[in-house]
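Structure file protein.txt (compact mmCIF, C-alpha atoms) is printed below.
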# COMPACT_ATOMS: atom_id res chain seq x y z
CA MET A 1 -49.28 39.58 -9.07
CA ILE A 2 -50.84 37.48 -11.78
CA VAL A 3 -49.51 35.29 -14.57
CA SER A 4 -50.04 37.61 -17.53
CA HIS A 5 -48.52 35.39 -20.19
CA LEU A 6 -47.80 31.71 -20.65
CA SER A 7 -45.57 30.08 -23.25
CA VAL A 8 -44.87 26.37 -23.35
CA LYS A 9 -43.09 24.08 -25.77
CA ASN A 10 -43.60 20.32 -25.95
CA TRP A 11 -45.55 20.15 -22.69
CA ARG A 12 -47.83 17.08 -22.65
CA ASN A 13 -50.65 17.65 -25.20
CA PHE A 14 -49.13 20.86 -26.49
CA GLN A 15 -46.38 21.44 -28.99
CA ARG A 16 -46.62 25.21 -28.64
CA VAL A 17 -48.71 27.50 -26.47
CA ASP A 18 -48.32 31.25 -26.44
CA VAL A 19 -51.20 33.06 -24.76
CA ASP A 20 -51.95 36.09 -22.62
CA LEU A 21 -53.89 35.40 -19.43
CA ARG A 22 -56.41 37.51 -17.55
CA GLU A 23 -57.31 37.74 -13.85
CA ARG A 24 -60.18 35.31 -14.43
CA GLN A 25 -59.47 32.73 -17.09
CA PHE A 26 -61.69 29.90 -18.25
CA ILE A 27 -60.21 26.92 -20.03
CA VAL A 28 -62.56 24.97 -22.28
CA GLY A 29 -62.04 22.03 -24.60
CA ALA A 30 -63.19 18.50 -25.39
CA ASN A 31 -62.36 15.58 -23.09
CA ALA A 32 -58.63 14.75 -23.13
CA SER A 33 -57.81 17.97 -24.97
CA GLY A 34 -55.36 18.91 -22.20
CA LYS A 35 -57.20 21.26 -19.82
CA SER A 36 -55.75 19.60 -16.72
CA ASN A 37 -52.35 19.33 -18.37
CA LEU A 38 -52.35 23.05 -19.05
CA LEU A 39 -53.11 23.71 -15.38
CA ASP A 40 -50.34 21.25 -14.54
CA VAL A 41 -47.74 23.70 -15.89
CA PHE A 42 -48.44 25.89 -12.86
CA ARG A 43 -48.51 22.94 -10.46
CA PHE A 44 -45.17 21.83 -11.90
CA LEU A 45 -43.58 25.20 -11.15
CA ARG A 46 -45.07 25.08 -7.65
CA ASP A 47 -43.68 21.57 -7.13
CA ILE A 48 -40.21 22.73 -8.13
CA ALA A 49 -40.32 25.81 -5.90
CA LYS A 50 -41.94 24.41 -2.77
CA THR A 51 -39.78 24.24 0.31
CA GLU A 52 -40.82 20.81 1.55
CA GLY A 53 -40.17 17.91 -0.81
CA GLY A 54 -39.80 20.15 -3.83
CA GLY A 55 -37.24 20.36 -6.58
CA LEU A 56 -36.96 19.71 -10.28
CA GLN A 57 -36.05 16.02 -10.11
CA LYS A 58 -39.01 15.20 -7.84
CA ALA A 59 -41.46 17.29 -9.85
CA VAL A 60 -40.43 15.43 -13.02
CA LYS A 61 -40.37 12.02 -11.31
CA ASP A 62 -43.87 12.56 -9.84
CA ARG A 63 -45.08 13.03 -13.40
CA GLY A 64 -43.50 9.82 -14.64
CA GLY A 65 -40.32 11.32 -16.08
CA VAL A 66 -39.51 13.55 -19.01
CA SER A 67 -40.88 11.04 -21.53
CA LYS A 68 -44.35 11.35 -19.96
CA ILE A 69 -44.20 15.14 -19.83
CA ARG A 70 -42.86 15.67 -23.34
CA SER A 71 -45.48 16.11 -26.03
CA LEU A 72 -45.85 13.19 -28.42
CA ALA A 73 -45.81 15.78 -31.19
CA ALA A 74 -42.24 16.79 -30.23
CA ARG A 75 -39.87 15.42 -32.82
CA ARG A 76 -37.15 17.59 -34.34
CA ASP A 77 -36.92 19.82 -31.31
CA PRO A 78 -37.53 17.54 -28.29
CA GLY A 79 -36.75 19.99 -25.46
CA ILE A 80 -39.46 21.06 -23.06
CA ALA A 81 -39.73 24.75 -22.26
CA ILE A 82 -41.94 26.94 -20.07
CA GLU A 83 -41.99 30.71 -19.82
CA ILE A 84 -44.18 32.70 -17.45
CA HIS A 85 -44.68 36.46 -17.22
CA LEU A 86 -45.82 37.96 -13.95
CA ALA A 87 -47.49 41.37 -13.91
CA ASN A 88 -49.56 43.41 -11.48
CA VAL A 89 -52.51 43.55 -13.87
CA SER A 90 -53.25 41.74 -17.12
CA GLY A 91 -52.17 43.64 -20.19
CA GLU A 92 -49.41 45.52 -18.33
CA PRO A 93 -45.70 44.92 -19.04
CA PRO A 94 -44.33 42.09 -16.89
CA ILE A 95 -42.55 42.77 -13.62
CA TRP A 96 -40.93 39.34 -13.79
CA ARG A 97 -40.28 36.76 -16.46
CA TYR A 98 -39.19 33.23 -15.61
CA ALA A 99 -38.12 30.72 -18.26
CA LEU A 100 -37.13 27.10 -17.87
CA GLY A 101 -36.00 24.44 -20.36
CA LEU A 102 -35.58 20.69 -19.74
CA ARG A 103 -34.30 17.60 -21.39
CA GLN A 104 -33.40 14.12 -20.27
CA GLU A 105 -29.85 12.75 -20.37
CA THR A 106 -29.64 10.30 -23.25
CA ARG A 107 -27.33 7.97 -21.32
CA GLY A 108 -26.06 7.35 -17.80
CA TYR A 109 -28.55 8.03 -15.00
CA ARG A 110 -30.98 9.57 -17.49
CA GLN A 111 -31.48 12.46 -15.12
CA THR A 112 -33.44 15.54 -16.06
CA HIS A 113 -31.15 18.42 -16.99
CA LEU A 114 -31.88 22.07 -17.44
CA THR A 115 -31.23 23.37 -20.94
CA HIS A 116 -31.77 26.88 -19.63
CA GLU A 117 -33.09 28.84 -16.68
CA ARG A 118 -33.58 32.55 -17.13
CA VAL A 119 -35.08 35.34 -15.05
CA TRP A 120 -35.81 38.93 -16.03
CA LYS A 121 -36.74 41.66 -13.61
CA GLY A 122 -38.54 44.19 -15.77
CA SER A 123 -36.45 44.36 -18.91
CA GLN A 124 -33.20 43.42 -17.19
CA GLN A 125 -32.05 39.81 -17.27
CA ILE A 126 -30.79 38.78 -13.83
CA LEU A 127 -30.23 35.07 -14.38
CA ASP A 128 -28.94 33.24 -17.42
CA ARG A 129 -28.09 29.58 -17.02
CA PRO A 130 -26.11 27.58 -17.93
CA ASP A 131 -23.46 29.95 -16.58
CA GLU A 132 -19.69 29.43 -16.25
CA GLU A 133 -20.11 27.39 -13.04
CA ASP A 134 -22.69 25.15 -14.72
CA LYS A 135 -20.32 24.50 -17.61
CA LYS A 136 -17.61 23.38 -15.18
CA ASP A 137 -19.96 21.15 -13.21
CA ARG A 138 -22.83 19.73 -15.31
CA ASP A 139 -24.50 18.20 -12.22
CA ARG A 140 -25.52 21.72 -11.21
CA LEU A 141 -27.99 21.57 -14.10
CA THR A 142 -30.03 18.91 -12.30
CA GLN A 143 -31.35 21.63 -9.99
CA THR A 144 -33.07 24.92 -10.67
CA PHE A 145 -32.22 28.09 -8.78
CA LEU A 146 -35.94 28.25 -8.03
CA GLU A 147 -35.54 25.43 -5.50
CA GLN A 148 -32.35 26.78 -3.85
CA ILE A 149 -32.87 29.61 -1.40
CA ASN A 150 -29.16 30.43 -1.23
CA VAL A 151 -29.14 31.50 -4.88
CA ASN A 152 -32.62 32.83 -5.60
CA VAL A 153 -32.60 35.82 -3.28
CA ASP A 154 -32.73 38.19 -6.27
CA PHE A 155 -36.02 36.75 -7.46
CA ARG A 156 -37.57 35.50 -4.23
CA ASP A 157 -40.89 37.14 -5.20
CA VAL A 158 -41.15 34.73 -8.12
CA VAL A 159 -40.32 31.76 -5.88
CA ARG A 160 -42.96 32.79 -3.34
CA PHE A 161 -45.52 33.30 -6.08
CA PHE A 162 -44.97 29.77 -7.39
CA GLN A 163 -44.93 28.25 -3.88
CA ALA A 164 -48.32 29.77 -3.09
CA ILE A 165 -50.15 28.37 -6.14
CA THR A 166 -53.24 26.44 -5.02
CA TYR A 167 -54.98 23.68 -6.93
CA LEU A 168 -58.34 22.19 -6.05
CA HIS A 169 -60.30 19.31 -7.48
CA LEU A 170 -62.20 18.15 -4.43
CA ILE A 171 -63.45 14.58 -4.70
CA PRO A 172 -66.29 14.25 -2.17
CA GLN A 173 -65.87 10.50 -1.67
CA LEU A 174 -62.23 10.93 -0.62
CA LEU A 175 -63.22 13.46 1.99
CA ARG A 176 -66.31 11.59 3.15
CA PHE A 177 -64.55 8.26 3.52
CA ALA A 178 -61.13 9.64 4.53
CA ASP A 179 -61.24 7.72 7.83
CA SER A 180 -62.27 4.41 6.26
CA ILE A 181 -59.83 4.68 3.34
CA GLN A 182 -56.95 5.73 5.59
CA GLY A 183 -54.89 6.19 2.46
CA ARG A 184 -51.92 8.41 1.99
CA VAL A 185 -52.91 12.03 1.52
CA LEU A 186 -51.09 13.36 -1.52
CA GLU A 187 -48.76 16.28 -1.03
CA ASP A 188 -50.67 19.58 -1.13
CA ASP A 189 -53.85 17.54 -0.97
CA PRO A 190 -55.18 18.35 -4.44
CA PHE A 191 -58.27 16.13 -4.05
CA GLY A 192 -59.48 17.36 -0.67
CA GLN A 193 -58.77 14.16 1.28
CA GLY A 194 -57.23 16.17 4.10
CA PHE A 195 -59.60 19.11 3.71
CA LEU A 196 -60.76 18.91 7.33
CA GLU A 197 -57.15 18.99 8.55
CA ARG A 198 -56.67 22.13 6.47
CA LEU A 199 -59.65 23.67 8.21
CA ALA A 200 -58.31 22.57 11.57
CA LYS A 201 -54.90 24.14 10.92
CA ALA A 202 -56.39 27.56 10.16
CA ASN A 203 -56.34 30.13 12.91
CA GLU A 204 -59.59 29.88 14.90
CA LYS A 205 -60.72 33.44 14.28
CA THR A 206 -60.01 33.17 10.55
CA ARG A 207 -61.74 29.80 10.35
CA ARG A 208 -64.82 31.13 12.10
CA SER A 209 -65.00 34.17 9.84
CA ARG A 210 -64.62 32.07 6.67
CA LEU A 211 -67.11 29.45 7.80
CA SER A 212 -69.61 32.17 8.60
CA LYS A 213 -69.34 33.46 5.01
CA ILE A 214 -69.55 29.90 3.67
CA GLU A 215 -72.59 29.25 5.86
CA LYS A 216 -74.33 32.26 4.28
CA ALA A 217 -73.57 30.91 0.80
CA LEU A 218 -74.66 27.38 1.69
CA LYS A 219 -77.93 28.65 3.14
CA ILE A 220 -78.70 30.01 -0.31
CA ALA A 221 -77.51 26.96 -2.21
CA VAL A 222 -78.61 24.11 0.03
CA PRO A 223 -82.31 24.09 0.95
CA GLN A 224 -83.00 23.59 4.67
CA LEU A 225 -79.39 24.05 5.77
CA GLU A 226 -79.51 26.38 8.74
CA GLN A 227 -76.15 26.31 10.44
CA LEU A 228 -72.60 25.15 9.73
CA GLU A 229 -69.94 24.70 12.35
CA PHE A 230 -66.51 23.24 12.91
CA THR A 231 -66.25 20.66 15.69
CA ARG A 232 -63.83 18.09 17.04
CA ASP A 233 -64.78 14.56 17.96
CA PRO A 234 -64.63 14.46 21.77
CA ALA A 235 -63.17 10.94 21.76
CA THR A 236 -60.61 11.07 18.93
CA GLY A 237 -60.03 14.80 18.56
CA ARG A 238 -60.53 14.52 14.81
CA PRO A 239 -61.86 17.64 13.05
CA HIS A 240 -65.36 17.57 11.60
CA LEU A 241 -67.88 19.82 9.98
CA GLN A 242 -71.38 19.74 11.27
CA ALA A 243 -74.51 21.19 9.72
CA LEU A 244 -77.93 21.71 11.15
CA TYR A 245 -80.81 21.16 8.77
CA SER A 246 -84.30 22.34 9.60
CA HIS A 247 -86.39 19.50 10.95
CA TRP A 248 -89.58 19.29 13.01
CA ARG A 249 -87.69 17.32 15.68
CA PRO A 250 -85.12 19.49 17.41
CA ASN A 251 -81.54 18.19 16.93
CA ALA A 252 -82.70 15.54 14.46
CA GLY A 253 -81.28 17.58 11.61
CA LEU A 254 -77.65 17.52 12.78
CA GLN A 255 -75.36 15.97 10.18
CA ARG A 256 -71.63 15.50 9.88
CA GLU A 257 -69.61 15.89 6.67
CA ASP A 258 -69.90 12.16 5.87
CA GLN A 259 -73.64 12.75 5.41
CA PHE A 260 -73.27 15.91 3.32
CA SER A 261 -74.17 15.64 -0.34
CA ASP A 262 -71.46 15.67 -3.04
CA GLY A 263 -72.60 19.13 -4.10
CA THR A 264 -72.47 20.53 -0.56
CA LEU A 265 -68.94 19.19 -0.06
CA ARG A 266 -67.71 20.50 -3.39
CA LEU A 267 -69.23 23.92 -2.80
CA LEU A 268 -67.68 23.97 0.68
CA GLY A 269 -64.24 23.14 -0.72
CA LEU A 270 -64.61 25.66 -3.51
CA LEU A 271 -65.65 28.49 -1.20
CA TRP A 272 -62.93 27.70 1.34
CA SER A 273 -60.28 27.80 -1.41
CA LEU A 274 -61.63 31.09 -2.71
CA PHE A 275 -61.36 32.64 0.77
CA GLU A 276 -58.11 30.90 1.69
CA SER A 277 -55.40 33.10 0.20
CA ASP A 278 -54.47 35.64 -2.46
CA SER A 279 -52.38 33.29 -4.57
CA LEU A 280 -53.08 31.90 -8.02
CA LEU A 281 -55.94 29.43 -7.71
CA LEU A 282 -56.45 26.57 -10.16
CA LEU A 283 -59.98 25.17 -10.17
CA GLU A 284 -60.78 21.98 -12.00
CA GLU A 285 -64.40 21.75 -13.22
CA PRO A 286 -66.00 23.53 -10.25
CA GLU A 287 -69.45 22.82 -11.72
CA LEU A 288 -69.36 19.11 -10.84
CA SER A 289 -72.28 17.97 -8.63
CA LEU A 290 -73.66 21.49 -8.39
CA ASN A 291 -77.14 22.64 -9.31
CA VAL A 292 -77.21 24.57 -12.57
CA GLY A 293 -78.64 27.63 -10.82
CA ILE A 294 -75.60 27.76 -8.54
CA VAL A 295 -73.16 27.08 -11.37
CA SER A 296 -74.55 30.02 -13.35
CA GLN A 297 -73.60 32.29 -10.41
CA LEU A 298 -70.00 31.07 -10.08
CA ALA A 299 -68.46 33.34 -12.72
CA PRO A 300 -69.96 36.57 -11.29
CA PHE A 301 -69.11 35.33 -7.77
CA ILE A 302 -65.46 34.83 -8.74
CA SER A 303 -65.47 38.25 -10.32
CA ARG A 304 -66.87 39.87 -7.17
CA MET A 305 -64.29 38.07 -5.02
CA GLN A 306 -61.58 39.54 -7.22
CA ARG A 307 -62.77 43.06 -6.48
CA ASN A 308 -61.71 42.66 -2.85
CA ARG A 309 -58.52 40.70 -3.44
CA ARG A 310 -56.49 40.80 -6.61
CA ARG A 311 -56.31 37.09 -7.04
CA GLN A 312 -55.98 35.23 -10.31
CA ILE A 313 -58.24 32.24 -10.83
CA LEU A 314 -57.92 29.74 -13.68
CA VAL A 315 -60.95 27.52 -14.16
CA SER A 316 -61.25 24.50 -16.41
CA THR A 317 -64.85 23.74 -17.33
CA HIS A 318 -67.32 21.97 -19.62
CA SER A 319 -70.28 23.88 -18.27
CA ASP A 320 -72.63 25.90 -20.41
CA ALA A 321 -74.25 27.32 -17.26
CA LEU A 322 -70.90 28.56 -15.93
CA LEU A 323 -70.22 30.42 -19.14
CA THR A 324 -73.65 32.00 -19.64
CA GLU A 325 -72.74 35.17 -17.80
CA GLN A 326 -72.94 38.08 -20.21
CA GLY A 327 -69.94 39.72 -18.56
CA ILE A 328 -67.39 37.08 -19.60
CA ASP A 329 -64.99 38.64 -22.04
CA GLY A 330 -63.69 36.59 -25.00
CA ARG A 331 -60.16 37.30 -23.74
CA GLU A 332 -61.03 35.42 -20.55
CA VAL A 333 -61.52 32.13 -22.38
CA LEU A 334 -58.87 29.76 -23.69
CA LEU A 335 -60.17 27.33 -26.27
CA LEU A 336 -58.29 24.03 -26.55
CA THR A 337 -58.64 22.23 -29.87
CA PRO A 338 -56.98 18.85 -30.37
CA ALA A 339 -55.10 18.70 -33.68
CA ARG A 340 -52.71 16.34 -35.44
CA GLU A 341 -49.60 18.05 -34.08
CA GLY A 342 -50.84 18.52 -30.53
CA THR A 343 -53.62 20.57 -28.98
CA GLU A 344 -53.88 24.17 -30.14
CA VAL A 345 -54.66 26.83 -27.54
CA LYS A 346 -56.31 30.04 -28.64
CA VAL A 347 -57.75 32.99 -26.80
CA ALA A 348 -61.44 32.90 -27.83
CA ALA A 349 -61.47 36.62 -28.69
CA ASP A 350 -58.69 36.02 -31.24
CA ILE A 351 -61.03 33.88 -33.35
CA ASP A 352 -62.83 36.25 -35.76
CA GLU A 353 -66.27 34.59 -35.70
CA VAL A 354 -66.23 34.21 -31.93
CA ARG A 355 -65.28 37.83 -31.39
CA VAL A 356 -68.03 39.08 -33.70
CA LEU A 357 -70.65 36.85 -32.06
CA LEU A 358 -69.64 37.91 -28.55
CA GLU A 359 -69.69 41.56 -29.57
CA SER A 360 -73.23 41.00 -30.85
CA GLY A 361 -74.39 39.94 -27.40
CA LEU A 362 -74.15 36.16 -27.42
CA THR A 363 -72.48 34.49 -24.45
CA VAL A 364 -69.29 32.44 -24.29
CA GLY A 365 -71.38 29.38 -23.41
CA GLU A 366 -73.44 29.79 -26.57
CA VAL A 367 -70.53 30.54 -28.88
CA VAL A 368 -67.40 28.81 -27.61
CA LEU A 369 -68.69 25.59 -26.04
CA PRO A 370 -70.24 24.24 -29.29
CA ARG A 371 -66.72 24.43 -30.75
CA THR A 372 -65.47 21.97 -28.12
CA LYS A 373 -68.02 19.28 -28.92
CA PRO A 374 -66.56 16.23 -30.69
CA SER A 375 -67.90 16.14 -34.26
CA GLY A 376 -69.39 12.64 -33.97
CA ALA A 377 -70.78 12.98 -30.42
CA GLU A 378 -74.30 11.93 -31.47
CA GLN A 379 -72.94 8.54 -32.57
CA LEU A 380 -72.50 7.66 -28.88
CA SER A 381 -76.24 7.18 -28.37
CA LEU A 382 -76.34 4.77 -31.32
CA LEU A 383 -73.83 2.32 -29.78
CA GLU A 384 -75.29 -1.06 -28.85
CA MET B 1 -58.83 32.00 -53.34
CA SER B 2 -59.49 31.88 -49.62
CA GLU B 3 -62.23 29.55 -48.39
CA ARG B 4 -65.60 31.21 -47.86
CA ARG B 5 -67.00 30.63 -44.39
CA ALA B 6 -70.29 31.26 -42.64
CA ILE B 7 -71.75 30.99 -39.16
CA LEU B 8 -74.63 28.54 -39.01
CA ALA B 9 -77.69 29.11 -36.80
CA VAL B 10 -80.12 26.20 -36.71
CA GLU B 11 -82.92 24.70 -34.61
CA ASP B 12 -81.72 21.11 -34.37
CA LYS B 13 -79.28 18.46 -35.59
CA LEU B 14 -81.33 17.71 -38.70
CA SER B 15 -81.40 21.35 -39.82
CA GLU B 16 -77.68 21.50 -39.10
CA ALA B 17 -76.93 18.51 -41.34
CA VAL B 18 -79.12 19.92 -44.14
CA SER B 19 -77.56 23.38 -43.87
CA ILE B 20 -74.03 22.04 -43.93
CA LYS B 21 -74.86 20.12 -47.11
CA ILE B 22 -76.45 23.18 -48.78
CA LEU B 23 -73.47 25.36 -47.90
CA GLU B 24 -71.01 22.68 -48.97
CA ASP B 25 -72.63 22.60 -52.41
CA LEU B 26 -72.21 26.37 -52.60
CA GLY B 27 -68.53 26.05 -51.68
CA ILE B 28 -69.01 27.62 -48.26
CA GLY B 29 -67.49 26.14 -45.12
CA VAL B 30 -69.13 26.30 -41.68
CA SER B 31 -66.90 28.01 -39.17
CA GLN B 32 -69.28 27.89 -36.26
CA SER B 33 -72.60 26.20 -35.47
CA LEU B 34 -75.04 27.90 -33.13
CA GLY B 35 -78.42 27.07 -31.71
CA LEU B 36 -79.61 23.47 -31.61
CA ARG B 37 -82.04 24.70 -28.95
CA GLY B 38 -85.23 25.00 -31.01
CA LYS B 39 -86.98 27.81 -32.83
CA GLY B 40 -87.61 29.98 -29.77
CA TYR B 41 -83.88 30.31 -29.13
CA LEU B 42 -83.23 31.45 -32.69
CA GLN B 43 -86.03 33.99 -32.49
CA LYS B 44 -84.59 35.31 -29.25
CA LYS B 45 -81.13 35.59 -30.77
CA ALA B 46 -82.22 36.94 -34.15
CA GLN B 47 -81.25 40.50 -33.30
CA SER B 48 -77.77 39.48 -32.14
CA LEU B 49 -77.32 37.37 -35.26
CA ASN B 50 -78.40 40.28 -37.46
CA GLN B 51 -75.77 42.36 -35.73
CA THR B 52 -73.20 39.59 -36.31
CA ALA B 53 -74.18 39.41 -39.99
CA LYS B 54 -72.90 42.97 -40.49
CA GLY B 55 -69.38 41.66 -39.97
CA PHE B 56 -69.62 37.98 -40.85
CA PRO B 57 -71.93 35.87 -43.07
CA VAL B 58 -74.63 34.08 -41.05
CA PHE B 59 -76.81 31.29 -42.48
CA MET B 60 -79.98 30.67 -40.51
CA LEU B 61 -82.40 27.84 -41.18
CA THR B 62 -85.73 27.70 -39.38
CA ASP B 63 -89.19 26.44 -40.26
Translate this structure into structure tokens?
Amino acid sequence: MIVSHLSVKNWRNFQRVDVDLRERQFIVGANASGKSNLLDVFRFLRDIAKTEGGGLQKAVKDRGGVSKIRSLAARRDPGIAIEIHLANVSGEPPIWRYALGLRQETRGYRQTHLTHERVWKGSQQILDRPDEEDKKDRDRLTQTFLEQINVNVDFRDVVRFFQAITYLHLIPQLLRFADSIQGRVLEDDPFGQGFLERLAKANEKTRRSRLSKIEKALKIAVPQLEQLEFTRDPATGRPHLQALYSHWRPNAGLQREDQFSDGTLRLLGLLWSLFESDSLLLLEEPELSLNVGIVSQLAPFISRMQRNRRRQILVSTHSDALLTEQGIDGREVLLLTPAREGTEVKVAADIDEVRVLLESGLTVGEVVLPRTKPSGAEQLSLLE
Amino acid sequence: MSERRAILAVEDKLSEAVSIKILEDLGIGVSQSLGLRGKGYLQKKAQSLNQTAKGFPVFMLTD
């Protein structure tokens, strides 16, 4: 299944969003336009649905409370709402629809309360809260049915879909210095600090098969890399990745992950995530630290991956190289434009000029990215 | 009357600023700027821009 449609109201930068999504979706916009916040809608639903340490109250608290989530542009109608459609293929009628509304109590414990929670299976509505029980006991509205397995049996597919959502924004320094930092690894490890543990937890056969594919890719991307393998430190038992680089002295070219370049680590993390599962994958600026030649191949690579497994991938990016592929459809790009009343989100193909230019053979990188550039960007070089 | 708009295709920032001014004086807004990658890029894209111009006004400035 994929998320075929997203609607949000008063979510962070956005007062209203109402867009169809494709199997491969690029999100572009200026800095601080809300690309990460748009991806955070999906992480929020995952955080509510997850079995360990999940739930509505925690998901809201982790984000600093309703006041931090609610759009500053929300005034007359301050409620936050999210609606997601799940379909087998983009453009098809949804199999499931899940809708959620939130607000904060104005007095008392100032807990987050549901204003509504609704689920449709096909065209039939199977959940409509608040129901009679909720009206008798308002505390029930502090929890979604999404987080309670004893009541969500009728839409368990939706719960599982949300639970499986994966987010990756690997920060090489966190992985490289994980031992020295010894910091707390965030839940779900969004920044790759516990990436090696993730590798270690995978079944050995699966890990070997994935690493062999990754090794092939790295051999193309990283000059002189010859071999990649998973090892454990004989003294501590800690997992490590080890690469052999070609060198005139045998064994001199052996390096561990703390010696890998930023680009190598990011590409490793990216490829592992792409091979890891069939769930919705959220990628934050995958182009960082990568050579432009590699970045230009990411979009077709993602597309080819999707031929084997029907997996939806949402990618936020600033990269011209990533968007130069001729095959990127205008419907696969969401353009975020900051405006007075919150950031506007449009499907690029819905903008007349963009559609005409793309139909004439120009690429998304050439047409859409210039629209994300701040109007006074050149002034930056004049600052003293 | 609805605002008239055109797509702008230029070589560099200077041509862009000049073109915007010319179009402004003619009461035409710029809906999209393209190029800023030199003359060679515009020459390469001329055919696509001609195609675009069948459906949408395109203003190209090159020297």
Spatial neighbours of range 55-57 of chain B, 8 Å, all atoms listed in the file, chain gap at least 6 places, as a list in words
Glu353 and Val356 of chain A; Arg5, Ala6 and Ile7 of chain B
Residues of chain A within 12 Å of chain B, counting all atoms listed in the file, as a ChimeraX atom specification
/A:351-373,375-378
Distance cut-off 10 Å, centre (-45.9, 24.3, -29.0) in file coordinates, counting all atoms listed in the file: which residues qualify? Return them as a PyMOL selection string.
chain A and resi 7-18+71+73-74+80-81+341-345
Tell me which protein, DNA and RNA residues are within 8 Å of Leu322 in chain A, counting only C-alpha atoms, leaving out same-chain ones fewer than 5 positions away, and put them as a ChimeraX atom specification.
/A:287,295-299,317,365
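For the residues A:Asp157, A:Glu52, A:Asp77, A:Glu257, ranking by smallest atom-to-atom distance to Tyr98 in chain A using only C-alpha atoms places A:Asp157 first.
Counting only C-alpha atoms, Ser212 in chain A has the following residues at most 10 Å away, ignoring those fewer than 6 positions along the same chain: Thr206, Leu218, Gln227, Leu228 and Glu229 of chain A.
The space between CA of Ala30 in chain A and CA of His318 in chain A spans 7.9 Å.
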Which neighbours of Asp63 in chain B fall inside 10 Å, counting all atoms listed in the file, when residues of the same chain fewer than 3 positions from it are skipped, and could you give them as a ChimeraX atom specification?
/B:10-11,15,39
What does the structure give for the distance between CA of Gln148 in chain A and CA of Thr166 in chain A, in Å to one decimal?
20.9 Å
Please identify all polymer residues within 7 Å of range 103-117 of chain A, counting only C-alpha atoms, omitting same-chain residues fewer than 3 positions from it, and present them as a PyMOL selection string.
chain A and resi 57+66+79-80+99-100+128-130+141-142
